[in-house]
Amino acid sequence: MKIAIVGTGYVGLVSGTCFSEMGVDVTCVDVNKEKIEQLQHGMIPIYEPGLEEMVHKNVKAGRLHFTTDLTEVLDEVEVVFSAVGTPPDEDGSADLKYVLEVARTVGRNMNKYLVVVTKSTVPVGTAIKVKQAIREELEQRGVTLEFDVASNPEFLKEGAAVEDFMRPDRVVVGVESDRAKESMTRLYRPFMLTNDRMIFTDIPSAEMIKYAANSMLATRISFMNDVANLCELVGADINMVRKGIGADTRIGQKFLYAGCGYGGSCFPKDVKALIKTAEQNGYEMQVLKAVESVNERQKSVLFRKFVNHFSGDVKGKTVALWGLAFKPETDDMREAPALVLIDLLLNAGVTVKVYDPIAMDECHRRIGDTVVYCKDMYEATVDADALMLVTEWKEFRVPSWSVLKKSMNGRVVIDGRNIYERRELEENGFEYYKIG
Ligand SMILES: NC(=O)C1=CN([C@@H]2O[C@H](COP(=O)(O)OP(=O)(O)OC[C@H]3O[C@@H](n4cnc5c(N)ncnc54)[C@H](O)[C@@H]3O)[C@@H](O)[C@H]2O)C=CC1
Ligand SMILES: O=C(O)[C@H]1O[C@H](OP(=O)(O)OP(=O)(O)OC[C@H]2O[C@@H](n3ccc(=O)[nH]c3=O)[C@H](O)[C@@H]2O)[C@H](O)[C@@H](O)[C@@H]1O
């Protein structure tokens with residue numbers, strides 16, 4: 001089976017590589033020439049555990065190809081996936097210009113039946129717009145050709161993307177013809193050998209499932225952050241509360257971790273987009289509006305703890321900041337809580353010394369030399385009045401407190417991900433603040 005995946009970002013590259021791992025002949029297409037040249041030379045533009053080896057293996061096996069020109073392969077493939085970006089428009093709704101651009105390119109150049117699948121996260125109703133765009137292009141050419149559109153939202157997480165794609169909890173496919181269903185079943189069969197978790201729906205439901213899933217996860221996080229803040233006021237411990245409620249199988253253990261706010265390229269964008277979709281349909285998503293505002297407030301929680309500790313007297317202080325990426329195992333800093341925190345600290349006249357195992361270059365690209373970049377986690381703590389943990393990378397989990405005692409100027413640790421033990425910190429003479 002041959003397929004094309006248009007858009008070689010996180011989703012396009014990971015899904016294309018995983019399909020090729022299962023024996024499918026995949027061509028990854030991107031308009032970004034530099035990215036495609038890098039990939040053709042074996043360089044992987046994103047950091048994702050396990051991906052590089054898999055790309056090299058499948059390129060070598062002749063099953064994974066990269067090009068800037070979709071039209072080269074349209075006559076050979078059975079399915080075209082669109083995995084291009086859908087960034088938020090100024091008003092929060094998803095910008096569909098790239099998705100529709102791909103649809104038009106397909107319509108202008110196709111010469112046989114194709115299944116055109118949207119993998120990008122797109123609002124309900126997008127498939128109809130995609131179909132319309134292809135039809136218009138075919139009409140312009142005076143050609144009549146059969147094609148199907150489908151919706152196949154992606155649920156992978158950055159940092160665990162390969163694992164998520166290879167062993168999905170479920171694969172959701174919105175289809176409107178048996179022919180498209182058959183193609184998608186054949187394509188995903190190798191991923192379903194141990195467990196058939198394919199869920200076929202109508203197209204609007206598939207489009208909605210993606211937003212509802214991300215919004216539900218974001219809701220759990222904001223809810224737990226809200227409860228954590230209340231725990232602090234009433235003397236309860238959010239970690240104990242999390243275990244206590246997560247043990248109820250109806251609630252479950254996952255995505256219940258309080259912290260310094262959710263970030264990334266998806267939760268913030270998708271929550272906003274669903275609020276907007278509702279507005280456009282005369283409905284108000286009250287819960288999601290609260291989810292968003294709790295998250296905004298939570299991004300400044302470490303700063304508030306820091307200011308309170310020093311009774312407002314923070315000008316001229318130095319902070320060591322561990323972790324910049326929006327979560328571990330990625331260099332992605334889109335909507336990262338660290339960016340909000342850095343901004344607040346710099347505006348308050350604080351010197352910020354940062355370290356992240358992977359995201360240092362990305363941080364520099366975004367905020368230049370406004371902070372001090374350190375070569376390791378301990379260097380960042382030299383002369384620091386406080387240490388703030390923002391991203392829970394494994395290497396931050398068991399630091400040497402004796403080294404920190406020597407390197408730091410102060411004895412304050414503010415833990416934005418609740419990874420340390422209060423007793424251990426206090427035994428070592430630190431004042432410890434956590435979330436909840
Ligand atoms: N990043 C993630 O973890 C996940 C993202 N998604 C969704 O998947 C979609 C893609 O996300 P990412 O991979 O993060 O995006 P990205 O922004 O990393 O990559 C998108 C790529 O599409 C390319 N592109 C744009 N227009 C094009 C065109 N006309 N032809 C060919 N290539 C074109 C861009 O050059 C870019 O390389 C979004 O809708 C996102 O919400 C869904 C699940 C997970
Ligand atoms: O649509 C998408 O793009 C993806 O969005 C998220 O994946 P991702 O953004 O890569 O990262 P997550 O692991 O979900 O973390 C998102 C944010 O929530 C925070 N988080 C997560 C879990 C938790 O319990 N608490 C918490 O604060 C993380 O620190 C991070 O900032 C979803 O988990 C994926 O299923 C989805 O495919």
# chains A, B, ... in the order shown; residues from 1 in each chain; ligands from 1
>>> residues_around(residues="Val403 of chain A", least_positions_apart="2", cutoff="12 Å", atoms="only C-alpha atoms", output="PyMOL selection string")
chain A and resi 377-382+398-401+405-409+428
>>> write_last_selection(atoms="C-alpha atoms", output="PDB file, in the first residue's frame")
ATOM      1  CA  MET A 377      21.746  21.959  36.271  1.00  0.00           C
ATOM      2  CA  TYR A 378      24.228  22.731  39.044  1.00  0.00           C
ATOM      3  CA  GLU A 379      25.836  25.667  37.256  1.00  0.00           C
ATOM      4  CA  ALA A 380      22.393  27.292  37.135  1.00  0.00           C
ATOM      5  CA  THR A 381      22.194  27.209  40.938  1.00  0.00           C
ATOM      6  CA  VAL A 382      25.450  29.088  41.588  1.00  0.00           C
ATOM      7  CA  VAL A 398      17.411  13.177  42.671  1.00  0.00           C
ATOM      8  CA  PRO A 399      19.745  16.185  42.853  1.00  0.00           C
ATOM      9  CA  SER A 400      22.638  16.337  45.277  1.00  0.00           C
ATOM     10  CA  TRP A 401      21.334  18.600  48.025  1.00  0.00           C
ATOM     11  CA  LYS A 405      23.810  23.863  49.631  1.00  0.00           C
ATOM     12  CA  LYS A 406      27.300  24.895  48.576  1.00  0.00           C
ATOM     13  CA  SER A 407      26.389  26.467  45.248  1.00  0.00           C
ATOM     14  CA  MET A 408      23.224  28.348  46.213  1.00  0.00           C
ATOM     15  CA  ASN A 409      23.107  31.631  48.014  1.00  0.00           C
ATOM     16  CA  ASN A 428      18.877  19.300  54.265  1.00  0.00           C
TER      17      ASN A 428
END
>>> closest_atom_pairs(of="chain A", to="ligand 1", cutoff="8 Å", atoms="only C-alpha atoms and all ligand atoms", output="tab-separated table")
residue	atom	partner	partner_atom_place_in_ligand_line	distance
A:Val6	CA	ligand 1	31 (C)	5.0
A:Gly7	CA	ligand 1	22 (O)	3.4
A:Thr8	CA	ligand 1	37 (O)	4.7
A:Gly9	CA	ligand 1	19 (O)	3.2
A:Tyr10	CA	ligand 1	13 (O)	3.6
A:Val11	CA	ligand 1	13 (O)	3.9
A:Gly12	CA	ligand 1	13 (O)	5.6
A:Leu13	CA	ligand 1	13 (O)	7.5
A:Val29	CA	ligand 1	31 (C)	5.6
A:Asp30	CA	ligand 1	32 (N)	3.6
A:Val31	CA	ligand 1	31 (C)	4.4
A:Asn32	CA	ligand 1	35 (O)	4.7
A:Lys35	CA	ligand 1	37 (O)	7.2
A:Thr68	CA	ligand 1	31 (C)	7.2
A:Leu70	CA	ligand 1	30 (N)	7.8
A:Ala83	CA	ligand 1	10 (C)	5.0
A:Val84	CA	ligand 1	22 (O)	3.7
A:Gly85	CA	ligand 1	10 (C)	4.1
A:Thr86	CA	ligand 1	39 (O)	4.3
A:Pro87	CA	ligand 1	39 (O)	7.1
A:Tyr98	CA	ligand 1	26 (N)	4.6
A:Val99	CA	ligand 1	29 (N)	7.0
A:Glu101	CA	ligand 1	29 (N)	5.2
A:Val102	CA	ligand 1	29 (N)	4.9
A:Thr105	CA	ligand 1	29 (N)	7.9
A:Lys119	CA	ligand 1	8 (O)	6.3
A:Ser120	CA	ligand 1	39 (O)	3.5
A:Thr121	CA	ligand 1	39 (O)	3.8
A:Val122	CA	ligand 1	39 (O)	6.3
A:Pro153	CA	ligand 1	42 (C)	6.7
A:Glu154	CA	ligand 1	43 (C)	4.6
A:Phe155	CA	ligand 1	43 (C)	5.0
A:Leu156	CA	ligand 1	44 (C)	5.1
A:Lys157	CA	ligand 1	3 (O)	5.0
A:Glu158	CA	ligand 1	3 (O)	4.7
A:Ala161	CA	ligand 1	3 (O)	7.3
A:Ser265	CA	ligand 1	1 (N)	6.1
A:Cys266	CA	ligand 1	41 (O)	5.5
A:Lys269	CA	ligand 1	41 (O)	7.7
A:Asp270	CA	ligand 1	41 (O)	7.3
>>> write_last_selection(atoms="C-alpha atoms", output="short mmCIF file (atom, residue, chain, number, x, y, z; two decimals), in the first residue's frame")
data_model
loop_
_atom_site.label_atom_id
_atom_site.label_comp_id
_atom_site.auth_asym_id
_atom_site.auth_seq_id
_atom_site.Cartn_x
_atom_site.Cartn_y
_atom_site.Cartn_z
CA VAL A 6 1.38 16.12 3.75
CA GLY A 7 2.95 18.22 6.51
CA THR A 8 6.12 16.81 8.00
CA GLY A 9 5.77 18.32 11.48
CA TYR A 10 5.52 16.25 14.64
CA VAL A 11 2.43 14.38 13.57
CA GLY A 12 3.30 13.93 9.90
CA LEU A 13 6.81 12.69 10.56
CA VAL A 29 5.63 15.95 1.85
CA ASP A 30 6.35 19.43 3.17
CA VAL A 31 6.49 22.87 1.57
CA ASN A 32 9.42 23.71 3.86
CA LYS A 35 13.09 20.60 6.43
CA THR A 68 8.44 19.01 -1.42
CA LEU A 70 2.94 16.26 -3.59
CA ALA A 83 -1.14 16.63 8.80
CA VAL A 84 -0.38 20.30 8.33
CA GLY A 85 -0.57 22.85 11.14
CA THR A 86 -3.87 24.37 12.28
CA PRO A 87 -2.63 27.29 14.39
CA TYR A 98 -2.99 25.08 5.23
CA VAL A 99 -5.57 22.28 5.34
CA GLU A 101 -4.37 24.60 0.54
CA VAL A 102 -3.56 20.88 0.61
CA THR A 105 -3.44 20.97 -4.46
CA LYS A 119 -5.18 14.04 10.49
CA SER A 120 -4.70 17.61 11.68
CA THR A 121 -6.92 18.77 14.53
CA VAL A 122 -9.76 20.59 12.79
CA PRO A 153 -7.57 12.67 14.40
CA GLU A 154 -4.26 11.94 16.06
CA PHE A 155 -3.88 11.36 19.81
CA LEU A 156 -0.10 10.95 20.17
CA LYS A 157 1.78 12.85 22.88
CA GLU A 158 5.09 14.59 22.26
CA ALA A 161 4.89 9.90 20.16
CA SER A 265 0.99 23.27 21.03
CA CYS A 266 -2.34 21.56 21.58
CA LYS A 269 -5.03 25.93 21.19
CA ASP A 270 -7.71 23.24 21.19
#
>>> residues_near_ligand(ligand="ligand 2", cutoff="9 Å", atoms="only C-alpha atoms and all ligand atoms", output="PyMOL selection string")
chain A and resi 10-11+120-121+153-161+164+210-211+213-214+217-218+220-222+224-225+253-268+270+325-328+330+335-337+390-392+417
>>> select_by_dssp(residues="segment 389-426 of chain A", states="strand (DSSP E or B)", output="ChimeraX atom specification")
/A:389,412-415
>>> closest_residue(among="A:Leu193, A:Ala150, A:Arg423, A:Ala228", to="Glu207 of chain A", atoms="only C-alpha atoms")
A:Ala150
>>> residues_around(residues="Lys60 of chain A", least_positions_apart="5", cutoff="12 Å", atoms="only C-alpha atoms", output="PDB file with C-alpha atoms, in the first residue's frame")
ATOM      1  CA  SER A  20       6.498   2.743   7.009  1.00  0.00           C
ATOM      2  CA  GLU A  21       7.688   0.630   9.957  1.00  0.00           C
ATOM      3  CA  GLN A  40      16.741  13.650   2.894  1.00  0.00           C
ATOM      4  CA  HIS A  41      20.186  13.939   4.499  1.00  0.00           C
ATOM      5  CA  GLY A  42      19.115  11.883   7.503  1.00  0.00           C
ATOM      6  CA  GLU A  53      16.606   5.273  14.331  1.00  0.00           C
ATOM      7  CA  MET A  54      13.194   4.389  12.921  1.00  0.00           C
ATOM      8  CA  VAL A  55      13.449   7.033  10.185  1.00  0.00           C
ATOM      9  CA  HIS A  65      10.613   9.076   1.158  1.00  0.00           C
TER      10      HIS A  65
END
>>> closest_residue(among="A:Tyr113, A:Pro168, A:Met22, A:Asp313", to="Arg186 of chain A", atoms="only C-alpha atoms")
A:Met22
>>> residues_around(residues="segment 339-343 of chain A", least_positions_apart="3", cutoff="7 Å", atoms="only C-alpha atoms", output="MDAnalysis selection string")
chainID A and resid 299:300 303 336 346:347
>>> closest_residue(among="A:Glu232, A:Met216, A:Gly429, A:Ile414", to="Leu302 of chain A", atoms="only C-alpha atoms")
A:Ile414
>>> residues_around(residues="Arg189 of chain A", least_positions_apart="4", cutoff="12 Å", atoms="only C-alpha atoms", output="VMD selection string")
chain A and resid 19 22 to 24 166 to 167 171 181 to 185 193 to 198
>>> write_last_selection(atoms="N, CA and C atoms", output="JSON list (two decimals), in the first residue's frame")
[["chain", "number", "residue", "atom", "x", "y", "z"],
["A", 19, "PHE", "N", 3.93, 4.26, 9.99],
["A", 19, "PHE", "CA", 3.28, 3.50, 8.92],
["A", 19, "PHE", "C", 4.34, 2.74, 8.10],
["A", 22, "MET", "N", 5.52, -0.39, 9.50],
["A", 22, "MET", "CA", 4.57, -1.50, 9.33],
["A", 22, "MET", "C", 4.50, -1.95, 7.86],
["A", 23, "GLY", "N", 5.44, -1.49, 7.06],
["A", 23, "GLY", "CA", 5.51, -2.01, 5.69],
["A", 23, "GLY", "C", 4.82, -1.17, 4.65],
["A", 24, "VAL", "N", 4.21, -0.07, 5.04],
["A", 24, "VAL", "CA", 3.52, 0.79, 4.07],
["A", 24, "VAL", "C", 4.58, 1.66, 3.36],
["A", 166, "MET", "N", 2.48, 3.57, 17.73],
["A", 166, "MET", "CA", 2.63, 2.14, 17.46],
["A", 166, "MET", "C", 1.62, 1.32, 18.28],
["A", 167, "ARG", "N", 1.31, 1.80, 19.49],
["A", 167, "ARG", "CA", 0.37, 1.07, 20.36],
["A", 167, "ARG", "C", -0.74, 2.01, 20.83],
["A", 171, "VAL", "N", -7.93, 4.05, 17.57],
["A", 171, "VAL", "CA", -7.77, 4.82, 16.33],
["A", 171, "VAL", "C", -9.18, 5.23, 15.91],
["A", 181, "LYS", "N", -13.59, 3.27, 4.26],
["A", 181, "LYS", "CA", -13.45, 2.45, 5.47],
["A", 181, "LYS", "C", -12.52, 1.27, 5.23],
["A", 182, "GLU", "N", -12.67, 0.67, 4.06],
["A", 182, "GLU", "CA", -11.84, -0.50, 3.73],
["A", 182, "GLU", "C", -10.36, -0.10, 3.65],
["A", 183, "SER", "N", -10.07, 1.03, 2.99],
["A", 183, "SER", "CA", -8.67, 1.49, 2.89],
["A", 183, "SER", "C", -8.08, 1.74, 4.26],
["A", 184, "MET", "N", -8.86, 2.42, 5.12],
["A", 184, "MET", "CA", -8.34, 2.79, 6.45],
["A", 184, "MET", "C", -8.18, 1.54, 7.32],
["A", 185, "THR", "N", -9.07, 0.57, 7.16],
["A", 185, "THR", "CA", -8.94, -0.67, 7.94],
["A", 185, "THR", "C", -7.66, -1.40, 7.55],
["A", 193, "LEU", "N", -3.15, -5.76, 15.69],
["A", 193, "LEU", "CA", -3.04, -7.21, 15.74],
["A", 193, "LEU", "C", -3.37, -7.77, 17.12],
["A", 194, "THR", "N", -2.93, -7.05, 18.19],
["A", 194, "THR", "CA", -3.18, -7.59, 19.53],
["A", 194, "THR", "C", -4.52, -7.13, 20.07],
["A", 195, "ASN", "N", -5.03, -6.07, 19.54],
["A", 195, "ASN", "CA", -6.25, -5.51, 20.11],
["A", 195, "ASN", "C", -6.94, -4.65, 19.06],
["A", 196, "ASP", "N", -8.14, -5.00, 18.68],
["A", 196, "ASP", "CA", -8.81, -4.18, 17.67],
["A", 196, "ASP", "C", -9.45, -2.97, 18.33],
["A", 197, "ARG", "N", -8.79, -1.86, 18.19],
["A", 197, "ARG", "CA", -9.30, -0.66, 18.84],
["A", 197, "ARG", "C", -9.66, 0.41, 17.82],
["A", 198, "MET", "N", -10.12, -0.04, 16.66],
["A", 198, "MET", "CA", -10.55, 0.94, 15.67],
["A", 198, "MET", "C", -11.99, 1.34, 15.95]]
>>> select_by_dssp(residues="segment 229-317 of chain A", states="alpha helix (DSSP H)", output="VMD selection string")
chain A and resid 229 to 234 238 to 246 267 to 280 286 to 298 301 to 309
>>> write_last_selection(atoms="C-alpha atoms", output="CSV table (one decimal), in the first residue's frame")
chain,number,residue,atom,x,y,z
A,229,ASN,CA,-4.6,25.7,45.5
A,230,LEU,CA,-7.5,25.0,47.9
A,231,CYS,CA,-5.5,22.2,49.6
A,232,GLU,CA,-2.9,24.8,50.5
A,233,LEU,CA,-5.5,26.9,52.2
A,234,VAL,CA,-7.1,24.2,54.2
A,238,ILE,CA,-2.8,17.3,46.7
A,239,ASN,CA,-0.6,14.2,46.2
A,240,MET,CA,-2.6,12.3,48.8
A,241,VAL,CA,-5.9,13.6,47.3
A,242,ARG,CA,-4.7,12.6,43.8
A,243,LYS,CA,-4.0,9.0,45.0
A,244,GLY,CA,-7.3,8.9,46.9
A,245,ILE,CA,-9.5,9.9,44.0
A,246,GLY,CA,-7.4,8.3,41.2
A,267,PHE,CA,-4.2,21.9,24.9
A,268,PRO,CA,-4.2,25.7,24.9
A,269,LYS,CA,-5.0,25.9,21.2
A,270,ASP,CA,-7.7,23.2,21.2
A,271,VAL,CA,-9.5,24.5,24.3
A,272,LYS,CA,-9.7,28.0,22.7
A,273,ALA,CA,-10.9,26.5,19.4
A,274,LEU,CA,-13.7,24.5,21.0
A,275,ILE,CA,-14.8,27.6,23.0
A,276,LYS,CA,-14.9,29.5,19.6
A,277,THR,CA,-16.8,26.7,17.8
A,278,ALA,CA,-19.4,26.9,20.5
A,279,GLU,CA,-19.6,30.7,20.3
A,280,GLN,CA,-20.0,30.4,16.5
A,286,GLN,CA,-18.7,27.6,30.5
A,287,VAL,CA,-16.5,24.8,31.9
A,288,LEU,CA,-13.8,25.3,29.3
A,289,LYS,CA,-13.7,29.0,29.9
A,290,ALA,CA,-12.9,28.3,33.5
A,291,VAL,CA,-10.3,25.7,32.5
A,292,GLU,CA,-8.5,28.3,30.5
A,293,SER,CA,-8.6,31.0,33.2
A,294,VAL,CA,-7.4,28.6,35.9
A,295,ASN,CA,-4.5,27.6,33.7
A,296,GLU,CA,-3.5,31.2,33.0
A,297,ARG,CA,-3.5,31.9,36.7
A,298,GLN,CA,-1.6,28.7,37.5
A,301,VAL,CA,1.9,30.3,40.8
A,302,LEU,CA,5.6,29.7,41.2
A,303,PHE,CA,6.3,33.5,40.9
A,304,ARG,CA,3.7,34.2,43.6
A,305,LYS,CA,5.3,31.7,46.0
A,306,PHE,CA,8.7,33.3,45.3
A,307,VAL,CA,7.4,36.8,45.9
A,308,ASN,CA,5.6,35.8,49.1
A,309,HIS,CA,8.6,34.0,50.5
>>> atom_distance(atom1="atom CA of Tyr47 of chain A", atom2="atom CA of Glu329 of chain A")
7.8 Å
>>> closest_residue(among="A:Pro204, A:Gly410, A:Gly316, A:Gly16", to="Asn58 of chain A", atoms="only C-alpha atoms")
A:Gly16
>>> closest_residue(among="A:Ala348, A:Ile36, A:Val227, A:Leu425", to="Thr67 of chain A", atoms="only C-alpha atoms")
A:Ile36
>>> residues_around(residues="Arg365 of chain A", least_positions_apart="6", cutoff="12 Å", atoms="only C-alpha atoms", output="VMD selection string")
chain A and resid 331 to 334 359 371
>>> residues_around(residues="segment 73-75 of chain A", least_positions_apart="5", cutoff="8 Å", atoms="only C-alpha atoms", output="MDAnalysis selection string")
chainID A and resid 4 27 106 109:112
